[in-house]
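Report on the structure given below.
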Protein chains: 2
Amino acid sequence: MGHISRQISQASGYHHGNLRRAVIDAALEAIDESGPTGWSLRALARRAGVSHAAPVHHFGDKAGLLTAVAAEGYELFAAALEACAAEGDFQEVGVAYVRFAVRHRAHFAVMFRPELYRPDDPALVAARDRAGAVLAAGARRLSAEPAGDRAVTLAAWSAAHGFAGLWLDGALPEARDPGQDPEAVARRVFRAMFRGGPGEPAA
Amino acid sequence: MGHISRQISQASGYHHGNLRRAVIDAALEAIDESGPTGWSLRALARRAGVSHAAPVHHFGDKAGLLTAVAAEGYELFAAALEACAAEGDFQEVGVAYVRFAVRHRAHFAVMFRPELYRPDDPALVAARDRAGAVLAAGARRLSAEPAGDRAVTLAAWSAAHGFAGLWLDGALPEARDPGQDPEAVARRVFRAMFRGGPGEPAA
DNA sequence: ACCCCAATCTTGTCATTGGAAAGTTCCTGG
DNA sequence: CCAGGAACTTTCCAATGACAAGATTGGGGT
């Protein structure tokens, strides 16, 4: 894939039809290729077939575009975690965390770099809090303490986040072996972490 | 601190004396303030009191400068981990990981973003492998399996890395409370993680 | 059916940036 | 004392982010 989204929904000669989406998609591709800052707004405009100032109209500036990417990322993220938490097994929420990072690496690369966007964007904040609630609620079930141990929450969150980050950066030897499945490795890691804890409490 | 290093070791009017160091220090300050890409080479040159082309002479280009920062970071990192591993308690190596990230947040922010520098730089690779060896060796002692479980190594590494990253990004509520000590919180987290494992094997 | 208007997109412009090229100053070794 | 090289400067160019002002178009109200 990659160039599929280029030039789609080109309505008339003047009005693109769905430029906002097209620019975000171009940004996602560019981030995949060169990181969250390794491209130019003008290159995205070229890729979408519009003038260099067209993206500015929709996003204001570069930070505005990255805000949109981060907000979309947090929405997809919250949805993925919520869907997985409904299944009951919290260990799988950690796996979903990693799966999201690998499948949406461009979104993920922006989300946790607040200096690149406007962290007070309302839609973004709402989605971020939604994801945070799933993590906090789920981690409570992992803990041996009845009240829910904050340290356990942080441990699970840190492990999932760290594993995802290390995998994406290629810091793990496993990540450079194309035969390895990130989700399977992550599952083994999470199992190793809490093997002394409570299996699955009744309530 | 901050502006202390500015204009130090200014020898004659023409030769700066130690421009290489001055530019790296200026870069570290700039990264602290605006992230690893939120500044310009020319601004660093102004801060160091030299012409905009002077840094190029020492580092070739922006990626060259960031390569130097990352290499220095990995050297400091390896030294910190090695010093801590000598003490024996591996849990403290994880704390040292976090301490390094917090105390050298500019270095840390560059080190794990290989797309910003030249990852095949020899000095950098050597220091990185040195740090990796400490982590791998130490994690072996954490494992219940006599052979040393790879999943445990990854779990410990992921947790330390993830906690450090979340803390620096301000994603953790604890990180926004100035009264909280990152090392103390990290210690609690690591204790919670492996509380079911072997305490401290004899050998 | 018509026209106005607001959203969308364009062209034009400007300061700033990264990087290359060529010249200048200074130190050091022979 | 001088040749050569390292350190730094000035000059130049294409690309970029951001802004201003103008062109185009589809849709809503009458």
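Starting from 1 in every chain, residues are counted up; chains themselves are A, B, ... following the order of the structure tokens, and ligands are numbered from 1 as listed.
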
Exercise. Within 8 Å of chain A, which residues of chain B show up when using only C-alpha atoms, listed as a VMD selection string?
Worked result: chain B and resid 34 to 35 37 112 to 115 151 to 152 154 to 163 165 to 166 169 171 185 188 to 190 192 to 197

Print the selection's residues with N, CA and C atoms to a file, as a tab-separated table (two decimals), in the first residue's frame.
```
chain	number	residue	atom	x	y	z
B	34	SER	N	12.93	22.46	23.92
B	34	SER	CA	11.98	22.32	22.81
B	34	SER	C	12.05	20.97	22.11
B	35	GLY	N	12.61	19.97	22.75
B	35	GLY	CA	12.65	18.67	22.12
B	35	GLY	C	13.79	18.53	21.14
B	37	THR	N	14.07	18.25	18.03
B	37	THR	CA	14.04	18.86	16.70
B	37	THR	C	13.45	20.27	16.73
B	112	PHE	N	17.03	7.22	21.73
B	112	PHE	CA	16.08	6.23	21.24
B	112	PHE	C	15.27	6.75	20.07
B	113	ARG	N	15.88	7.59	19.26
B	113	ARG	CA	15.25	8.06	18.03
B	113	ARG	C	16.24	7.94	16.88
B	114	PRO	N	16.53	6.70	16.48
B	114	PRO	CA	17.60	6.45	15.51
B	114	PRO	C	17.40	7.18	14.20
B	115	GLU	N	16.17	7.57	13.89
B	115	GLU	CA	15.98	8.26	12.60
B	115	GLU	C	16.57	9.66	12.61
B	151	ALA	N	12.27	-13.67	28.45
B	151	ALA	CA	11.06	-12.88	28.68
B	151	ALA	C	11.25	-11.98	29.90
B	152	VAL	N	11.98	-12.46	30.89
B	152	VAL	CA	12.21	-11.65	32.09
B	152	VAL	C	13.12	-10.47	31.75
B	154	LEU	N	13.34	-8.99	28.90
B	154	LEU	CA	12.53	-8.03	28.16
B	154	LEU	C	11.55	-7.31	29.06
B	155	ALA	N	10.99	-8.01	30.02
B	155	ALA	CA	10.03	-7.39	30.93
B	155	ALA	C	10.70	-6.28	31.73
B	156	ALA	N	11.87	-6.57	32.27
B	156	ALA	CA	12.56	-5.58	33.09
B	156	ALA	C	12.98	-4.38	32.24
B	157	TRP	N	13.53	-4.68	31.07
B	157	TRP	CA	13.96	-3.61	30.17
B	157	TRP	C	12.76	-2.75	29.77
B	158	SER	N	11.67	-3.41	29.37
B	158	SER	CA	10.47	-2.68	28.95
B	158	SER	C	9.94	-1.80	30.06
B	159	ALA	N	9.89	-2.33	31.27
B	159	ALA	CA	9.32	-1.57	32.37
B	159	ALA	C	10.17	-0.33	32.66
B	160	ALA	N	11.48	-0.52	32.72
B	160	ALA	CA	12.36	0.62	33.00
B	160	ALA	C	12.25	1.66	31.88
B	161	HIS	N	12.30	1.18	30.65
B	161	HIS	CA	12.24	2.10	29.52
B	161	HIS	C	10.89	2.80	29.45
B	162	GLY	N	9.83	2.05	29.64
B	162	GLY	CA	8.50	2.63	29.56
B	162	GLY	C	8.25	3.62	30.67
B	163	PHE	N	8.67	3.28	31.87
B	163	PHE	CA	8.47	4.21	32.98
B	163	PHE	C	9.22	5.52	32.72
B	165	GLY	N	10.12	6.81	29.85
B	165	GLY	CA	9.49	7.56	28.78
B	165	GLY	C	8.20	8.23	29.22
B	166	LEU	N	7.36	7.50	29.93
B	166	LEU	CA	6.09	8.08	30.40
B	166	LEU	C	6.35	9.22	31.35
B	169	ASP	N	7.54	12.34	29.42
B	169	ASP	CA	6.49	12.94	28.60
B	169	ASP	C	5.41	13.57	29.46
B	171	ALA	N	3.20	11.93	31.00
B	171	ALA	CA	1.98	11.15	30.85
B	171	ALA	C	1.48	10.62	32.20
B	185	VAL	N	9.42	6.38	43.08
B	185	VAL	CA	8.26	5.77	42.45
B	185	VAL	C	8.70	4.56	41.63
B	188	ARG	N	9.28	1.48	43.72
B	188	ARG	CA	8.04	0.81	44.11
B	188	ARG	C	7.48	-0.01	42.96
B	189	VAL	N	7.58	0.57	41.75
B	189	VAL	CA	7.03	-0.13	40.59
B	189	VAL	C	7.79	-1.43	40.35
B	190	PHE	N	9.10	-1.38	40.40
B	190	PHE	CA	9.88	-2.58	40.11
B	190	PHE	C	9.65	-3.65	41.18
B	192	ALA	N	6.91	-4.11	42.76
B	192	ALA	CA	5.59	-4.69	42.52
B	192	ALA	C	5.64	-5.72	41.39
B	193	MET	N	6.54	-5.48	40.44
B	193	MET	CA	6.58	-6.33	39.25
B	193	MET	C	6.97	-7.76	39.55
B	194	PHE	N	8.05	-7.90	40.27
B	194	PHE	CA	8.66	-9.23	40.40
B	194	PHE	C	8.52	-9.78	41.81
B	195	ARG	N	7.48	-9.39	42.49
B	195	ARG	CA	7.37	-9.79	43.89
B	195	ARG	C	7.20	-11.31	44.01
B	196	GLY	N	6.81	-12.02	42.95
B	196	GLY	CA	6.67	-13.47	43.05
B	196	GLY	C	7.95	-14.21	42.70
B	197	GLY	N	8.95	-13.52	42.20
B	197	GLY	CA	10.16	-14.17	41.69
B	197	GLY	C	11.13	-14.51	42.80
```

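Residues surrounding Arg130 in chain B within 12 Å are Ala71, Tyr74, Glu75, Leu76, Phe77, Ala78, Ala79, Ala80, Leu81, Glu82, Ala123, Leu124, Ala136 and Ala137 of chain B [only C-alpha atoms (C1' of nucleotides); sequence separation below 6 positions excluded].
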
Near chain D, which residues of chain A fall within 9 Å when you count only C-alpha atoms (C1' of nucleotides), and what do they look like as a CSV table (one decimal) with N, CA and C atoms, in the first residue's frame?
```
chain,number,residue,atom,x,y,z
A,14,TYR,N,-10.8,22.4,-8.8
A,14,TYR,CA,-10.4,23.3,-7.7
A,14,TYR,C,-10.6,22.7,-6.3
A,15,HIS,N,-11.8,22.2,-6.1
A,15,HIS,CA,-12.1,21.6,-4.8
A,15,HIS,C,-11.7,20.2,-4.7
A,40,SER,N,8.0,17.7,5.2
A,40,SER,CA,7.5,19.1,5.1
A,40,SER,C,6.1,19.2,4.8
A,41,LEU,N,5.4,20.2,5.3
A,41,LEU,CA,4.0,20.5,4.9
A,41,LEU,C,3.9,20.5,3.4
A,42,ARG,N,4.8,21.2,2.8
A,42,ARG,CA,4.8,21.4,1.3
A,42,ARG,C,4.8,20.1,0.6
A,56,VAL,N,-2.6,24.5,5.1
A,56,VAL,CA,-2.7,25.5,6.2
A,56,VAL,C,-4.1,25.9,6.5
A,61,ASP,N,-1.4,25.3,11.1
A,61,ASP,CA,0.1,25.2,10.9
A,61,ASP,C,0.5,23.7,11.2
A,62,LYS,N,1.8,23.5,11.2
A,62,LYS,CA,2.3,22.1,11.3
A,62,LYS,C,1.8,21.5,12.6
```

Could you list the residues in chain A lying within 12 Å of chain C, using only C-alpha atoms (C1' of nucleotides), and format the result as a PDB file with C-alpha atoms, in the first residue's frame?
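What ended up in out-v2.pdb:
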```
ATOM      1  CA  SER A  12     -13.581  19.169  -9.371  1.00  0.00           C
ATOM      2  CA  GLY A  13     -10.373  20.803 -10.507  1.00  0.00           C
ATOM      3  CA  TYR A  14     -10.449  23.328  -7.730  1.00  0.00           C
ATOM      4  CA  HIS A  15     -12.103  21.643  -4.794  1.00  0.00           C
ATOM      5  CA  HIS A  16     -10.339  18.533  -3.650  1.00  0.00           C
ATOM      6  CA  GLY A  17     -13.332  16.984  -1.975  1.00  0.00           C
ATOM      7  CA  ASN A  18     -11.688  15.604   1.125  1.00  0.00           C
ATOM      8  CA  LEU A  19      -8.398  17.353   1.487  1.00  0.00           C
ATOM      9  CA  ARG A  20      -8.355  17.177   5.244  1.00  0.00           C
ATOM     10  CA  ALA A  45       0.604  19.183  -0.309  1.00  0.00           C
ATOM     11  CA  GLY A  49      -1.952  17.275  -5.499  1.00  0.00           C
ATOM     12  CA  VAL A  50      -2.799  20.683  -4.036  1.00  0.00           C
ATOM     13  CA  SER A  51      -0.990  23.973  -3.583  1.00  0.00           C
ATOM     14  CA  HIS A  52       1.480  24.464  -0.777  1.00  0.00           C
ATOM     15  CA  ALA A  53      -0.897  26.645   1.222  1.00  0.00           C
ATOM     16  CA  ALA A  54      -3.951  24.403   1.063  1.00  0.00           C
ATOM     17  CA  PRO A  55      -3.120  22.339   4.167  1.00  0.00           C
ATOM     18  CA  VAL A  56      -2.691  25.520   6.196  1.00  0.00           C
ATOM     19  CA  HIS A  57      -6.346  26.317   5.625  1.00  0.00           C
ATOM     20  CA  HIS A  58      -7.413  23.101   7.385  1.00  0.00           C
TER      21      HIS A  58
END
```
